[in-house]
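Notes follow the structure.
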Amino acid sequence: LVAANLLQKREDVEQSLAAVAREMAGACNMSFCIISLLDQPNEHFVIAAVYSRKAKNIARLVGESYPLAEHAISVRVITKKSRRVIESISDLKLSEADRAYMRQRGAKCFVDFPLISGDEVIGALALADTEKERRFSKEELDLYQALADSVATAIHNIKLMEDLNQHATEMTMLRSIVLAANTSLDVEEMLQSSLGKVVEFTKAQGACIYIHMDN
């Protein structure tokens with residue numbers, strides 16, 4: 001799928017997610033798409049990417065965090081691990097909270113999909129049309145869900161790769177510190193050398209080591 005391939009091929013994850021949001025909106029013929037990821041311990045959504053056909057400067061929302069509890073639609077999507085479809089803002093069965101949620105975003109219709117990798121919900125992908133209400137067929141929704149699933153898998157793989165790279169970096173740092181500590185019998189020189197490696201790997205401006213003396 002195009003969306004998943006964009007994530008796999010680009011090195012800039014933020015730029016890749018922005019492209020995915022744009023492609024998802026285009027593929028689903030919707031005017032708005034937002035990809036949000038759950039933080040730990042799953043109390044907030046962090047906006048990872050957003051696309052709007054009309055709104056300007058909407059990319060500034062990327063990185064913003066908002067409490068999951070304040071958004072009833074997203075809470076149901078996350079807890080039930082199932083999509084939420086609202087075909088019309090004027091639907092009489094729609095709760096006032098959901099109607100206000102859509103009105104705030106200028107949405108005439110709204111679809112929210114959980115991003116699931118394995119058994120874990122890692123976020124949500126929401127699509128909205130700000131111009132017209134729509135009727136969605138089951139085939140359409142299943143296709144959109146398949147697209148969202150491919151995005152979730154790609155994001156999960158990126159996270160795994162980032163974790164592996166971080167672990168490799170940490171192991172390299174530890175080996176360098178141990179090597180630096182073993183190259184000198186002089187304690188002061190050994191500590192200075194080890195501290196230099198810590199500063200190098202952490203990119204800190206400075207560091208110090210405190211030694212507790214019994215007296």
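Ordered as shown in the structure tokens, chains take letters A, B, and onward, while each chain numbers its residues from 1 and ligands are numbered from 1 in the order shown.
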
In stretch 31-129 of chain A, DSSP strand (DSSP E or B) residues written as number ranges by chain: A: 32-38, 44-52, 65-67, 84-86, 109-117, 120-129

Closest pair table for stretch 45-109 of chain A residues within 9 Å of stretch 113-120 of chain A, only C-alpha atoms, as a tab-separated table:
```
residue	atom	partner	partner_atom	distance
A:Ser74	CA	A:Pro114	CA	8.4
A:Val77	CA	A:Pro114	CA	5.8
A:Ile78	CA	A:Pro114	CA	6.0
A:Lys80	CA	A:Pro114	CA	8.9
A:Lys81	CA	A:Pro114	CA	5.9
A:Ser82	CA	A:Pro114	CA	6.3
A:Arg83	CA	A:Phe113	CA	4.5
A:Arg84	CA	A:Phe113	CA	6.7
A:Val85	CA	A:Phe113	CA	8.7
```

Include C-alpha atoms and write out the residues we just selected as a PDB file, in the first residue's frame.
```pdb
ATOM      1  CA  SER A  74     -11.629   8.399  20.631  1.00  0.00           C
ATOM      2  CA  VAL A  77     -12.436   3.622  19.584  1.00  0.00           C
ATOM      3  CA  ILE A  78      -9.439   2.853  21.813  1.00  0.00           C
ATOM      4  CA  LYS A  80     -13.394  -1.189  22.121  1.00  0.00           C
ATOM      5  CA  LYS A  81     -10.687  -1.492  19.456  1.00  0.00           C
ATOM      6  CA  SER A  82     -13.297  -0.814  16.798  1.00  0.00           C
ATOM      7  CA  ARG A  83     -14.032   1.995  14.377  1.00  0.00           C
ATOM      8  CA  ARG A  84     -16.561   4.723  15.014  1.00  0.00           C
ATOM      9  CA  VAL A  85     -18.592   5.950  12.050  1.00  0.00           C
TER      10      VAL A  85
END
```

Write out as a PyMOL selection string all residues of stretch 73-173 of chain A that DSSP puts in helix (DSSP H, G or I) for this structure's backbone. chain A and resi 73-80+96-105+138-173

Just the selected residues (C-alpha atoms), exported as a PDB file, in the first residue's frame, please.
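The resulting again-v5.pdb:
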```pdb
ATOM      1  CA  ILE A  73     -15.302   9.247  20.359  1.00  0.00           C
ATOM      2  CA  SER A  74     -11.629   8.399  20.631  1.00  0.00           C
ATOM      3  CA  VAL A  75     -12.091   6.765  24.050  1.00  0.00           C
ATOM      4  CA  ARG A  76     -14.639   4.330  22.592  1.00  0.00           C
ATOM      5  CA  VAL A  77     -12.436   3.622  19.584  1.00  0.00           C
ATOM      6  CA  ILE A  78      -9.439   2.853  21.813  1.00  0.00           C
ATOM      7  CA  THR A  79     -11.224   0.835  24.510  1.00  0.00           C
ATOM      8  CA  LYS A  80     -13.394  -1.189  22.121  1.00  0.00           C
ATOM      9  CA  GLU A  96     -24.432  16.206  22.240  1.00  0.00           C
ATOM     10  CA  ALA A  97     -20.815  15.520  23.250  1.00  0.00           C
ATOM     11  CA  ASP A  98     -20.102  13.845  19.902  1.00  0.00           C
ATOM     12  CA  ARG A  99     -21.941  16.589  18.014  1.00  0.00           C
ATOM     13  CA  ALA A 100     -19.885  19.247  19.799  1.00  0.00           C
ATOM     14  CA  TYR A 101     -16.699  17.283  19.019  1.00  0.00           C
ATOM     15  CA  MET A 102     -17.555  17.307  15.301  1.00  0.00           C
ATOM     16  CA  ARG A 103     -18.748  20.905  15.293  1.00  0.00           C
ATOM     17  CA  GLN A 104     -15.454  21.998  16.850  1.00  0.00           C
ATOM     18  CA  ARG A 105     -13.646  20.427  13.899  1.00  0.00           C
ATOM     19  CA  LYS A 138     -19.241  -1.719   4.414  1.00  0.00           C
ATOM     20  CA  GLU A 139     -16.768  -2.279   1.578  1.00  0.00           C
ATOM     21  CA  GLU A 140     -15.519   1.307   1.863  1.00  0.00           C
ATOM     22  CA  LEU A 141     -15.111   1.080   5.623  1.00  0.00           C
ATOM     23  CA  ASP A 142     -13.327  -2.270   5.398  1.00  0.00           C
ATOM     24  CA  LEU A 143     -10.921  -0.787   2.855  1.00  0.00           C
ATOM     25  CA  TYR A 144     -10.261   2.247   5.051  1.00  0.00           C
ATOM     26  CA  GLN A 145      -9.702  -0.072   8.018  1.00  0.00           C
ATOM     27  CA  ALA A 146      -7.203  -2.109   5.982  1.00  0.00           C
ATOM     28  CA  LEU A 147      -5.338   1.105   5.131  1.00  0.00           C
ATOM     29  CA  ALA A 148      -5.311   2.118   8.803  1.00  0.00           C
ATOM     30  CA  ASP A 149      -4.028  -1.345   9.760  1.00  0.00           C
ATOM     31  CA  SER A 150      -1.142  -1.058   7.293  1.00  0.00           C
ATOM     32  CA  VAL A 151      -0.241   2.350   8.744  1.00  0.00           C
ATOM     33  CA  ALA A 152      -0.334   0.908  12.288  1.00  0.00           C
ATOM     34  CA  THR A 153       2.010  -1.930  11.297  1.00  0.00           C
ATOM     35  CA  ALA A 154       4.445   0.473   9.642  1.00  0.00           C
ATOM     36  CA  ILE A 155       4.444   2.790  12.691  1.00  0.00           C
ATOM     37  CA  HIS A 156       5.003  -0.194  15.004  1.00  0.00           C
ATOM     38  CA  ASN A 157       7.955  -1.362  12.880  1.00  0.00           C
ATOM     39  CA  ILE A 158       9.468   2.131  12.989  1.00  0.00           C
ATOM     40  CA  LYS A 159       9.135   2.165  16.781  1.00  0.00           C
ATOM     41  CA  LEU A 160      10.827  -1.237  17.003  1.00  0.00           C
ATOM     42  CA  MET A 161      13.672  -0.018  14.796  1.00  0.00           C
ATOM     43  CA  GLU A 162      14.065   3.116  16.920  1.00  0.00           C
ATOM     44  CA  ASP A 163      14.174   0.959  20.074  1.00  0.00           C
ATOM     45  CA  LEU A 164      16.789  -1.329  18.526  1.00  0.00           C
ATOM     46  CA  ASN A 165      18.897   1.624  17.400  1.00  0.00           C
ATOM     47  CA  GLN A 166      18.635   3.179  20.859  1.00  0.00           C
ATOM     48  CA  HIS A 167      19.679  -0.102  22.476  1.00  0.00           C
ATOM     49  CA  ALA A 168      22.632  -0.434  20.083  1.00  0.00           C
ATOM     50  CA  THR A 169      23.710   3.139  20.877  1.00  0.00           C
ATOM     51  CA  GLU A 170      23.503   2.484  24.611  1.00  0.00           C
ATOM     52  CA  MET A 171      25.548  -0.722  24.315  1.00  0.00           C
ATOM     53  CA  THR A 172      28.186   1.100  22.256  1.00  0.00           C
ATOM     54  CA  MET A 173      28.342   3.821  24.916  1.00  0.00           C
TER      55      MET A 173
END
```

My list of candidates is A:Lys56, A:Ser31, A:Arg134, A:Val46. Which is closest to A:Gly106 when distances are computed with only C-alpha atoms?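 Under the stated criterion, the closest residue is A:Ser31.
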
One-decimal distance in Å that lies between atom CA of A:Ile89 and atom CA of A:Phe110: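 Separating atom CA of A:Phe110 from atom CA of A:Ile89 is a distance of 8.3 Å.
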
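If only C-alpha atoms are the atoms counted, then among A:Glu87, A:Glu64, A:Glu70, A:Glu43 the closest residue to A:Cys109 is A:Glu87.
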